[in-house]
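The structure file model09.csv is reproduced below (CSV, C-alpha atoms).
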chain,number,residue,atom,x,y,z
V,1,MET,CA,-82.4,-7.2,-14.9
V,2,GLU,CA,-80.4,-10.4,-14.6
V,3,ARG,CA,-77.6,-8.7,-16.5
V,4,ASN,CA,-77.6,-5.8,-14.0
V,5,ILE,CA,-77.2,-8.1,-11.1
V,6,ALA,CA,-74.4,-10.0,-12.9
V,7,GLN,CA,-72.7,-6.7,-13.7
V,8,ILE,CA,-73.0,-5.5,-10.1
V,9,ALA,CA,-71.6,-8.8,-8.8
V,10,LEU,CA,-68.8,-8.8,-11.3
V,11,PHE,CA,-67.8,-5.3,-10.5
V,12,ALA,CA,-67.8,-6.2,-6.8
V,13,ALA,CA,-65.4,-9.0,-7.7
V,14,MET,CA,-63.4,-6.5,-9.8
V,15,ILE,CA,-62.9,-4.2,-6.7
V,16,ALA,CA,-61.6,-7.2,-4.8
V,17,ALA,CA,-59.4,-8.5,-7.6
V,18,LEU,CA,-57.8,-5.0,-8.2
V,19,GLY,CA,-56.8,-4.9,-4.5
V,20,LEU,CA,-55.4,-8.4,-4.5
V,21,VAL,CA,-53.3,-8.8,-7.7
V,22,PRO,CA,-49.8,-7.5,-7.0
V,23,GLN,CA,-49.0,-6.9,-10.7
V,24,ILE,CA,-51.7,-4.2,-10.9
V,25,THR,CA,-50.3,-2.1,-8.1
V,26,LEU,CA,-49.4,1.4,-9.4
V,27,GLY,CA,-45.8,2.0,-8.5
V,28,PHE,CA,-44.1,5.2,-8.2
V,29,GLY,CA,-41.8,4.8,-5.3
V,30,VAL,CA,-44.4,3.3,-3.0
V,31,PRO,CA,-46.8,0.7,-4.3
V,32,ILE,CA,-50.4,1.9,-4.4
V,33,THR,CA,-53.1,-0.7,-4.7
V,34,ALA,CA,-55.7,-0.2,-7.4
V,35,GLN,CA,-58.7,-1.0,-5.1
V,36,THR,CA,-60.2,2.5,-5.2
V,37,LEU,CA,-59.6,2.4,-8.9
V,38,GLY,CA,-62.2,-0.4,-8.9
V,39,VAL,CA,-64.6,1.7,-6.8
V,40,MET,CA,-64.2,4.7,-9.2
V,41,LEU,CA,-64.7,2.4,-12.2
V,42,ALA,CA,-67.8,0.8,-10.7
V,43,GLY,CA,-69.4,4.2,-10.3
V,44,ALA,CA,-68.2,5.5,-13.7
V,45,VAL,CA,-69.4,2.4,-15.6
V,46,LEU,CA,-72.5,1.3,-13.8
V,47,GLY,CA,-73.7,4.7,-12.7
V,48,ALA,CA,-74.8,5.9,-9.2
V,49,ARG,CA,-77.1,3.1,-8.1
V,50,GLY,CA,-75.2,0.2,-9.8
V,51,GLY,CA,-71.8,1.5,-8.6
V,52,ALA,CA,-73.0,1.9,-5.0
V,53,ALA,CA,-74.6,-1.6,-5.1
V,54,ALA,CA,-71.3,-3.1,-6.3
V,55,ALA,CA,-69.2,-1.3,-3.7
V,56,GLY,CA,-71.8,-2.1,-1.0
V,57,LEU,CA,-71.8,-5.8,-2.0
V,58,PHE,CA,-68.0,-5.8,-1.8
V,59,LEU,CA,-68.1,-4.4,1.7
V,60,LEU,CA,-70.8,-6.9,2.8
V,61,LEU,CA,-68.4,-9.7,1.8
V,62,VAL,CA,-65.6,-8.0,3.7
V,63,ALA,CA,-67.8,-7.8,6.8
V,64,LEU,CA,-68.6,-11.5,6.4
V,65,GLY,CA,-65.0,-12.2,6.9
V,66,LEU,CA,-63.5,-12.6,3.4
V,67,PRO,CA,-60.0,-11.1,3.1
V,68,LEU,CA,-60.8,-8.9,0.1
V,69,LEU,CA,-59.5,-5.5,1.2
V,70,SER,CA,-56.1,-4.6,-0.3
V,71,GLY,CA,-53.4,-6.4,1.5
V,72,GLY,CA,-55.7,-9.3,2.3
V,73,ARG,CA,-57.5,-7.5,5.1
V,74,GLY,CA,-61.1,-8.1,6.0
V,75,GLY,CA,-63.5,-9.0,8.6
V,76,LEU,CA,-65.3,-6.7,11.0
V,77,GLY,CA,-62.0,-5.3,12.3
V,78,ALA,CA,-61.5,-3.6,9.0
V,79,PHE,CA,-64.4,-1.3,9.8
V,80,ALA,CA,-63.2,-0.6,13.4
V,81,ALA,CA,-59.7,0.2,12.1
V,82,PRO,CA,-58.6,3.9,11.7
V,83,THR,CA,-59.0,3.4,7.9
V,84,GLY,CA,-62.6,2.2,8.4
V,85,GLY,CA,-64.0,5.5,7.2
V,86,PHE,CA,-62.4,4.9,3.8
V,87,ALA,CA,-63.9,1.4,3.6
V,88,LEU,CA,-67.4,2.7,4.6
V,89,GLY,CA,-66.9,5.5,2.1
V,90,PHE,CA,-66.6,3.1,-0.9
V,91,PRO,CA,-70.3,2.9,-1.8
V,92,VAL,CA,-70.8,6.6,-1.2
V,93,ALA,CA,-67.8,7.3,-3.5
V,94,ALA,CA,-69.1,5.1,-6.2
V,95,PHE,CA,-72.5,6.7,-5.9
V,96,ALA,CA,-71.1,10.2,-6.2
V,97,THR,CA,-68.9,9.2,-9.2
V,98,GLY,CA,-72.0,7.8,-10.9
V,99,LEU,CA,-74.1,10.8,-10.0
V,100,PHE,CA,-71.5,13.0,-11.6
V,101,VAL,CA,-71.3,11.2,-14.8
V,102,GLU,CA,-75.1,10.9,-15.1
V,103,HIS,CA,-75.8,14.5,-14.5
V,104,VAL,CA,-72.8,16.5,-15.8
V,105,ARG,CA,-73.2,16.1,-19.5
V,106,LEU,CA,-69.8,16.3,-21.2
V,107,ARG,CA,-69.0,15.5,-24.8
V,108,SER,CA,-66.1,13.2,-23.8
V,109,ALA,CA,-67.1,10.2,-21.7
V,110,GLY,CA,-63.5,9.9,-20.5
V,111,LEU,CA,-63.4,13.5,-19.2
V,112,ALA,CA,-66.7,13.0,-17.4
V,113,ALA,CA,-65.5,9.8,-15.8
V,114,GLY,CA,-62.2,11.3,-14.8
V,115,LEU,CA,-63.8,14.3,-13.2
V,116,GLY,CA,-66.5,12.1,-11.6
V,117,ALA,CA,-63.8,9.8,-10.1
V,118,ALA,CA,-62.0,12.8,-8.7
V,119,PHE,CA,-65.2,14.1,-7.2
V,120,GLY,CA,-66.5,10.8,-5.8
V,121,GLY,CA,-63.4,8.8,-5.3
V,122,ILE,CA,-61.2,11.6,-3.9
V,123,ALA,CA,-63.3,14.6,-2.6
V,124,ILE,CA,-66.2,12.5,-1.1
V,125,LEU,CA,-64.1,9.5,-0.1
V,126,TYR,CA,-61.4,11.6,1.7
V,127,VAL,CA,-64.1,13.5,3.7
V,128,MET,CA,-65.4,10.2,5.0
V,129,GLY,CA,-62.0,8.7,5.4
V,130,ALA,CA,-60.7,11.7,7.4
V,131,ALA,CA,-63.9,11.7,9.5
V,132,GLY,CA,-63.3,8.0,10.4
V,133,LEU,CA,-59.6,8.7,11.2
V,134,ALA,CA,-60.6,11.7,13.4
V,135,LEU,CA,-63.1,9.6,15.3
V,136,ALA,CA,-60.6,6.8,15.9
V,137,SER,CA,-57.7,9.0,16.7
V,138,GLY,CA,-59.2,11.8,18.8
V,139,LYS,CA,-57.7,14.4,16.4
V,140,SER,CA,-59.6,17.1,14.7
V,141,LEU,CA,-61.0,16.7,11.2
V,142,GLY,CA,-58.4,19.0,9.8
V,143,GLN,CA,-55.4,17.3,11.4
V,144,ALA,CA,-56.8,13.9,10.3
V,145,PHE,CA,-57.1,15.2,6.8
V,146,LEU,CA,-53.4,16.3,6.8
V,147,LEU,CA,-52.4,12.8,7.7
V,148,VAL,CA,-54.3,11.2,4.8
V,149,ALA,CA,-53.5,13.9,2.3
V,150,VAL,CA,-50.2,12.2,1.3
V,151,PHE,CA,-52.3,9.6,-0.6
V,152,ILE,CA,-54.1,12.2,-2.8
V,153,PRO,CA,-51.5,12.2,-5.6
V,154,GLY,CA,-51.9,8.5,-6.1
V,155,ASP,CA,-55.6,8.8,-6.2
V,156,LEU,CA,-55.4,11.7,-8.7
V,157,LEU,CA,-53.5,9.2,-10.9
V,158,LYS,CA,-56.3,6.7,-10.4
V,159,ALA,CA,-59.0,9.2,-11.3
V,160,ALA,CA,-57.0,10.0,-14.5
V,161,ILE,CA,-56.7,6.3,-15.3
V,162,THR,CA,-60.5,5.9,-14.7
V,163,GLY,CA,-61.0,8.6,-17.3
V,164,LEU,CA,-58.7,6.8,-19.8
V,165,LEU,CA,-60.3,3.4,-19.3
V,166,VAL,CA,-63.9,4.8,-19.7
V,167,GLN,CA,-62.8,6.7,-22.8
V,168,ALA,CA,-61.6,3.4,-24.2
V,169,LEU,CA,-64.8,1.6,-23.0
V,170,ALA,CA,-66.9,4.2,-24.8
V,171,LYS,CA,-65.3,3.2,-28.0
V,172,LEU,CA,-65.1,-0.6,-27.4
V,173,ARG,CA,-68.3,-1.2,-25.6
V,174,PRO,CA,-70.5,1.9,-25.9
V,175,GLN,CA,-73.6,-0.1,-24.9
V,176,THR,CA,-72.2,-0.7,-21.3
V,177,LEU,CA,-72.2,3.1,-20.5
V,178,ALA,CA,-75.9,3.7,-20.2
V,179,TRP,CA,-75.3,7.3,-19.1
V,180,HIS,CA,-73.3,8.2,-22.2
V,181,ARG,CA,-74.9,9.5,-25.4
V,182,ALA,CA,-72.4,9.2,-28.3
L,1,MET,CA,-62.0,-18.6,-1.3
L,2,ILE,CA,-60.6,-18.7,2.2
L,3,SER,CA,-62.5,-16.8,4.9
L,4,LEU,CA,-60.7,-15.2,7.9
L,5,THR,CA,-62.5,-17.6,10.2
L,6,SER,CA,-59.9,-19.3,12.4
L,7,PRO,CA,-59.4,-23.1,11.7
L,8,VAL,CA,-58.6,-23.5,15.4
L,9,LYS,CA,-62.0,-24.5,16.8
L,10,THR,CA,-62.9,-22.6,19.9
L,11,ARG,CA,-65.9,-22.7,22.1
L,12,ALA,CA,-67.0,-19.4,20.6
L,13,HIS,CA,-67.4,-21.0,17.2
L,14,ARG,CA,-70.6,-22.6,18.5
L,15,TRP,CA,-72.1,-19.5,19.9
L,16,PRO,CA,-74.9,-17.9,17.8
L,17,ALA,CA,-73.5,-15.3,15.4
L,18,GLY,CA,-76.2,-12.8,16.3
L,19,ALA,CA,-75.3,-12.9,19.9
L,20,LYS,CA,-71.6,-12.3,19.2
L,21,LEU,CA,-72.4,-9.4,16.9
L,22,ALA,CA,-74.7,-7.8,19.5
L,23,ALA,CA,-72.0,-8.2,22.1
L,24,LEU,CA,-69.4,-6.6,19.8
L,25,CYS,CA,-71.7,-3.6,19.2
L,26,LEU,CA,-72.4,-3.2,22.9
L,27,ALA,CA,-68.7,-3.5,23.9
L,28,SER,CA,-67.5,-1.2,21.1
L,29,THR,CA,-70.1,1.5,22.0
L,30,GLY,CA,-69.1,1.2,25.7
L,31,LEU,CA,-65.4,1.6,24.9
L,32,VAL,CA,-66.0,4.7,22.8
L,33,LEU,CA,-68.0,6.3,25.6
L,34,VAL,CA,-65.6,5.5,28.5
L,35,ARG,CA,-62.7,7.9,28.8
L,36,ASP,CA,-61.0,6.3,31.8
L,37,ILE,CA,-57.5,5.0,30.9
L,38,ALA,CA,-57.6,2.2,33.5
L,39,VAL,CA,-60.8,0.8,32.0
L,40,HIS,CA,-59.2,0.7,28.5
L,41,ALA,CA,-56.1,-1.0,29.8
L,42,ALA,CA,-58.2,-3.6,31.5
L,43,ALA,CA,-60.3,-4.1,28.3
L,44,LEU,CA,-57.2,-4.7,26.3
L,45,ALA,CA,-55.9,-7.2,28.9
L,46,VAL,CA,-59.2,-9.1,28.7
L,47,VAL,CA,-59.2,-9.2,24.9
L,48,ALA,CA,-55.6,-10.3,25.0
L,49,ALA,CA,-56.6,-13.1,27.4
L,50,LEU,CA,-59.4,-14.1,25.0
L,51,TYR,CA,-56.9,-14.4,22.1
L,52,ALA,CA,-54.4,-16.4,24.2
L,53,ALA,CA,-57.0,-18.8,25.6
L,54,PRO,CA,-57.4,-21.0,22.4
L,55,GLY,CA,-53.7,-21.6,22.1
L,56,ARG,CA,-50.6,-20.3,20.3
L,57,ILE,CA,-51.8,-20.8,16.7
L,58,PHE,CA,-54.9,-18.7,17.3
L,59,LEU,CA,-52.9,-16.0,19.1
L,60,ARG,CA,-50.4,-15.7,16.3
L,61,ALA,CA,-53.2,-15.4,13.6
L,62,GLY,CA,-54.9,-12.8,15.8
L,63,LEU,CA,-51.7,-10.7,16.2
L,64,HIS,CA,-51.0,-11.1,12.4
L,65,SER,CA,-54.4,-9.4,11.5
L,66,LEU,CA,-53.6,-6.6,14.0
L,67,ARG,CA,-50.4,-5.6,12.2
L,68,VAL,CA,-52.3,-3.1,10.1
L,69,VAL,CA,-53.0,-0.9,13.1
L,70,LEU,CA,-49.4,-0.6,14.1
L,71,PRO,CA,-48.4,2.3,11.9
L,72,PHE,CA,-51.4,4.3,13.3
L,73,VAL,CA,-50.4,3.4,16.8
L,74,ALA,CA,-46.8,4.7,16.2
L,75,VAL,CA,-48.0,7.9,14.4
L,76,LEU,CA,-50.6,8.7,17.0
L,77,LEU,CA,-48.4,8.1,20.0
L,78,ALA,CA,-45.6,10.3,18.4
L,79,TRP,CA,-48.1,13.0,17.4
L,80,HIS,CA,-49.8,13.2,20.8
L,81,GLY,CA,-46.4,12.9,22.5
L,82,LEU,CA,-45.1,15.9,20.5
L,83,ALA,CA,-48.2,17.9,21.4
L,84,GLY,CA,-47.5,17.2,25.1
L,85,ASP,CA,-50.6,15.1,25.5
L,86,LEU,CA,-49.3,11.6,25.9
L,87,ALA,CA,-52.1,10.5,28.2
L,88,GLN,CA,-54.7,11.2,25.5
L,89,GLY,CA,-52.5,9.4,23.0
L,90,VAL,CA,-52.2,6.3,25.1
L,91,LEU,CA,-56.0,6.3,25.6
L,92,VAL,CA,-56.7,6.7,21.9
L,93,THR,CA,-54.3,4.0,20.9
L,94,LEU,CA,-55.5,1.5,23.6
L,95,ARG,CA,-59.0,2.0,22.4
L,96,MET,CA,-58.1,1.7,18.7
L,97,VAL,CA,-56.3,-1.6,19.3
L,98,THR,CA,-59.0,-3.0,21.5
L,99,LEU,CA,-61.8,-2.1,19.1
L,100,VAL,CA,-60.1,-3.7,16.1
L,101,ALA,CA,-59.0,-6.8,18.1
L,102,LEU,CA,-62.6,-7.3,19.4
L,103,ALA,CA,-64.1,-7.1,15.9
L,104,ASN,CA,-61.4,-9.4,14.5
L,105,LEU,CA,-62.2,-11.9,17.3
L,106,VAL,CA,-65.8,-12.1,16.1
L,107,THR,CA,-64.7,-12.6,12.6
L,108,MET,CA,-62.2,-15.3,13.6
L,109,THR,CA,-64.8,-17.3,15.6
L,110,THR,CA,-67.7,-17.1,13.2
L,111,GLY,CA,-68.0,-19.1,10.0
L,112,LEU,CA,-69.0,-17.6,6.7
L,113,ASP,CA,-72.2,-19.7,6.6
L,114,ALA,CA,-73.3,-18.5,10.0
L,115,LEU,CA,-72.8,-14.9,9.0
L,116,VAL,CA,-74.6,-15.3,5.6
L,117,GLU,CA,-77.5,-16.9,7.6
L,118,LEU,CA,-77.4,-13.9,10.0
L,119,VAL,CA,-77.5,-11.4,7.1
L,120,HIS,CA,-80.4,-13.4,5.6
L,121,ARG,CA,-82.4,-13.0,8.8
L,122,LEU,CA,-81.4,-9.4,9.4
L,123,VAL,CA,-82.6,-8.3,5.9
L,124,ALA,CA,-85.8,-10.3,6.0
L,125,PRO,CA,-87.8,-7.4,7.4
L,126,LEU,CA,-86.5,-5.1,4.6
L,127,ARG,CA,-87.9,-7.5,2.1
L,128,ARG,CA,-91.4,-7.2,3.5
L,129,LEU,CA,-91.0,-3.4,2.9
L,130,GLY,CA,-90.5,-4.2,-0.8
L,131,LEU,CA,-86.7,-3.9,-1.1
L,132,PRO,CA,-85.2,-6.5,-3.4
L,133,VAL,CA,-82.9,-8.0,-0.7
L,134,HIS,CA,-83.5,-11.6,-2.0
L,135,LEU,CA,-81.2,-10.6,-4.8
L,136,LEU,CA,-78.4,-10.8,-2.3
L,137,GLU,CA,-78.8,-14.6,-2.3
L,138,THR,CA,-77.8,-14.6,-6.0
L,139,ALA,CA,-75.2,-11.8,-5.7
L,140,ILE,CA,-73.1,-13.0,-2.7
L,141,PRO,CA,-72.2,-16.4,-4.2
L,142,LEU,CA,-71.5,-14.8,-7.6
L,143,VAL,CA,-68.9,-12.4,-6.0
L,144,ILE,CA,-67.4,-15.3,-4.0
L,145,ARG,CA,-67.1,-17.4,-7.2
L,146,PHE,CA,-65.9,-14.6,-9.5
L,147,THR,CA,-63.2,-12.9,-7.4
L,148,PRO,CA,-60.8,-15.8,-7.8
L,149,VAL,CA,-61.7,-16.1,-11.5
L,150,LEU,CA,-60.9,-12.4,-12.1
L,151,VAL,CA,-57.7,-12.7,-10.0
L,152,ALA,CA,-56.6,-15.6,-12.2
L,153,ARG,CA,-57.5,-13.7,-15.4
L,154,ALA,CA,-55.4,-10.7,-14.2
L,155,GLU,CA,-52.5,-13.0,-13.5
L,156,ALA,CA,-52.8,-14.6,-16.9
L,157,LEU,CA,-52.9,-11.1,-18.5
L,158,ALA,CA,-49.8,-10.2,-16.5
L,159,GLN,CA,-48.0,-13.3,-17.7
L,160,ALA,CA,-48.9,-12.5,-21.3
L,161,TRP,CA,-47.6,-9.0,-20.8
L,162,ARG,CA,-44.3,-10.2,-19.3
L,163,ALA,CA,-43.8,-12.5,-22.3
L,164,ARG,CA,-43.8,-9.4,-24.5
L,165,SER,CA,-42.3,-6.6,-22.4
L,166,ARG,CA,-39.7,-6.0,-19.8
L,167,ARG,CA,-41.7,-3.2,-18.2
L,168,ARG,CA,-44.2,-3.7,-15.4
L,169,PRO,CA,-47.7,-4.1,-16.6
L,170,GLY,CA,-49.4,-2.0,-13.9
L,171,TRP,CA,-52.7,-0.3,-14.7
L,172,ARG,CA,-52.5,-1.3,-18.4
L,173,LEU,CA,-54.0,-4.7,-17.3
L,174,VAL,CA,-57.2,-3.1,-16.1
L,175,LEU,CA,-58.8,-2.4,-19.4
L,176,PRO,CA,-58.6,-6.0,-20.7
L,177,LEU,CA,-59.7,-7.2,-17.3
L,178,THR,CA,-62.7,-4.8,-17.3
L,179,LEU,CA,-63.7,-6.0,-20.8
L,180,GLN,CA,-63.5,-9.6,-19.6
L,181,ALA,CA,-65.5,-8.9,-16.5
L,182,LEU,CA,-68.2,-7.1,-18.6
L,183,ASP,CA,-68.4,-10.0,-21.1
L,184,GLU,CA,-68.5,-12.5,-18.2
L,185,ALA,CA,-71.4,-10.4,-16.7
L,186,ASP,CA,-73.3,-10.8,-20.0
L,187,HIS,CA,-72.8,-14.6,-19.9
L,188,VAL,CA,-73.8,-14.8,-16.3
L,189,GLY,CA,-76.8,-12.6,-16.9
L,190,GLU,CA,-78.0,-14.9,-19.8
L,191,ALA,CA,-77.3,-18.0,-17.7
L,192,LEU,CA,-79.4,-16.6,-14.9
L,193,ARG,CA,-82.2,-15.7,-17.2
L,194,ALA,CA,-82.1,-19.2,-18.8
L,195,ARG,CA,-82.5,-20.7,-15.4
L,196,GLY,CA,-85.6,-18.7,-14.6
L,197,GLY,CA,-84.0,-15.4,-13.5
L,198,ALA,CA,-82.4,-14.2,-10.3
L,199,LEU,CA,-85.6,-12.5,-9.4
L,200,GLY,CA,-87.9,-15.4,-9.2
L,201,PRO,CA,-91.4,-15.0,-7.9
L,202,PRO,CA,-91.3,-13.8,-4.3
L,203,GLU,CA,-93.7,-16.6,-3.1
L,204,GLN,CA,-91.3,-19.2,-4.3
L,205,GLU,CA,-89.5,-19.5,-1.0
This structure in C-alpha cells:
Amino acid sequence: MERNIAQIALFAAMIAALGLVPQITLGFGVPITAQTLGVMLAGAVLGARGGAAAAGLFLLLVALGLPLLSGGRGGLGAFAAPTGGFALGFPVAAFATGLFVEHVRLRSAGLAAGLGAAFGGIAILYVMGAAGLALASGKSLGQAFLLVAVFIPGDLLKAAITGLLVQALAKLRPQTLAWHRA
Amino acid sequence: MISLTSPVKTRAHRWPAGAKLAALCLASTGLVLVRDIAVHAAALAVVAALYAAPGRIFLRAGLHSLRVVLPFVAVLLAWHGLAGDLAQGVLVTLRMVTLVALANLVTMTTGLDALVELVHRLVAPLRRLGLPVHLLETAIPLVIRFTPVLVARAEALAQAWRARSRRRPGWRLVLPLTLQALDEADHVGEALRARGGALGPPEQE
C-alpha cells in the first residue's frame, strides 16, 4: 500500500519532470514536450486507478500554483485557458490507457501499452481537449478539433514510445506491470 | 520548488483563500453567461486595474503568465474575422483573456500553504464518507519533493549522454528515468512503511 502511494507520487513527479526538462523534448521541426508521454506512461504502468491518481495528483499541484505544466505554466489560469480541456483530460486519459491495458489482453505488453496510449492519450484526450477549446472559443466541436489536430502526429509518436518503453519495462522490471502476465 | 505566488505582497494575500476561490467561481460563471460585449470590455478593464494596482513588478509578472493565451487570441480573431463575425470573435477573446487573468490573479495572491490548507478543509467531508483523502497529506509533499529530484536526474542523464554522443538524447532518456523513478518509489514505500505507514490509524489526528 505504501509502495502504491509512493509510485503514484513518483509518477506525478515524472509527468512534471517530463514537461520541464528541455533535453527530453521530442524534436522534429517543432519541439514537442513529453508531458503527455508521462500521462500515457502513468496509465500504462500503474493501470487505470493508479494512473488516474497520479495524473490527478499532478493536476492538483498545478491548481495549487506550482508551475509544473510544460513551459512552466500552472495555477488556476491553466484550467481557464483554451487548453484547459487537455489539462483536465490528463486523469481521464491515464485512466483510459490503464483500462485498455488491463482489459485488452495481448501477448506483447508493449503493443498493449502503445495501443492503450493511443486510445487514452490521443482519442480520449483530444475529445476533452477539443471540447474545452470549443467552449472557450465559441467554435463548434468539429472546428475546434481541426485546430488541435496538427498535434496528433507528435502524440502518435509518444504513444509508440510508450509502447517501446513498456516493452522494455516488461523485460527489466516485470513485477511493476501488475496487469501483464508474462 | 517555486510557486507562482507573487513575491510582491498585496492586500489580497491576506484574504482567505476560500473566499478568493468562491469569488473566482462566481465571476467566471457570470462572465460565461453574459453575452454583452460592453460588460466583457468593462470586466477586462477592471481586471487590468487589479493587476496594475500593486505596482509594476506585479503587473509584469501577470502579463508574463498571460502570454500563453496570445496565440489563441490571434487565431480566434483571424478565424472569426474571416468568417465575417468579428464581433463574436472580439467577445470570445475578451472573455478568454479575462477568465485566465482572473484565475491567475487568485494564484498570484494566494500562498501554497493557504491553498493546501483549503484543500485539506474541502476534502474533509469526503473522508467521512470513507474515501482515503488523508493520503493526500503524504502524496502532495512527496510530489513537491521529488519533481526537482527527477528533473536533476534527467539532467544528469542528459549530461552523461552528451559525453558519449553528439546526437540529442530526446526520448531515450525516459527509460532510465522511469527505472530510477520506480526504484525510488520502492525506497520511499519502504521508508513510509518503516515509519508507521502512510495510512496511519484514522483516529490519530
_Interface list for chain L, partner chain V, 7 Å threshold, only C-alpha atoms, as a PyMOL selection string_ = chain L and resi 2-5+69+92+96+99-101+103-104+107+112+115+139+142-143+146-147+150-151+158+169-171+173+175+181-182+185-186+188-189+192-193+197-198
_Residue neighbourhood Asp155 in chain V, 12 Å, all atoms listed in the file, exclusion window fewer than 2 positions, as number ranges by chain_ = V: 26, 32-40, 114, 117-123, 125-126, 148-153, 157-162
*asked:* If I take CA of Val101 in chain V and CA of Met128 in chain V, how far is one from the other in Å, to one decimal?
replied: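 For CA of Val101 in chain V relative to CA of Met128 in chain V, the distance reads 20.7 Å.
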*Between CA of Val106 in chain L and CA of Leu21 in chain L, what is the spacing in Å?*
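Atom-to-atom, CA of Leu21 in chain L to CA of Val106 in chain L, that is 7.2 Å.
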_Residues within 8 Å of Leu111 in chain V, please, as a list in words. Count only C-alpha atoms; anything in the same chain fewer than 4 positions from it doesn't count._
Leu106, Leu115, Gly163 and Gln167 of chain V
Convert the current residue selection to file output with C-alpha atoms, as a PDB file, in the coordinates of the input.
ATOM      1  CA  LEU V 106     -69.800  16.300 -21.200  1.00  0.00           C
ATOM      2  CA  LEU V 115     -63.800  14.300 -13.200  1.00  0.00           C
ATOM      3  CA  GLY V 163     -61.000   8.600 -17.300  1.00  0.00           C
ATOM      4  CA  GLN V 167     -62.800   6.700 -22.800  1.00  0.00           C
TER       5      GLN V 167
END
_Two-atom distance - CA of Leu177 in chain V, CA of Glu102 in chain V (Å)_ =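 Taking CA of Leu177 in chain V as the start and CA of Glu102 in chain V as the end point, the length is 9.9 Å.
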_Contact residues around Ala42 in chain L with only C-alpha atoms at 12 Å, ignoring same-chain residues under 3 positions, as a ChimeraX atom specification_ = /L:31,36-39,45-49,91,94-95,98
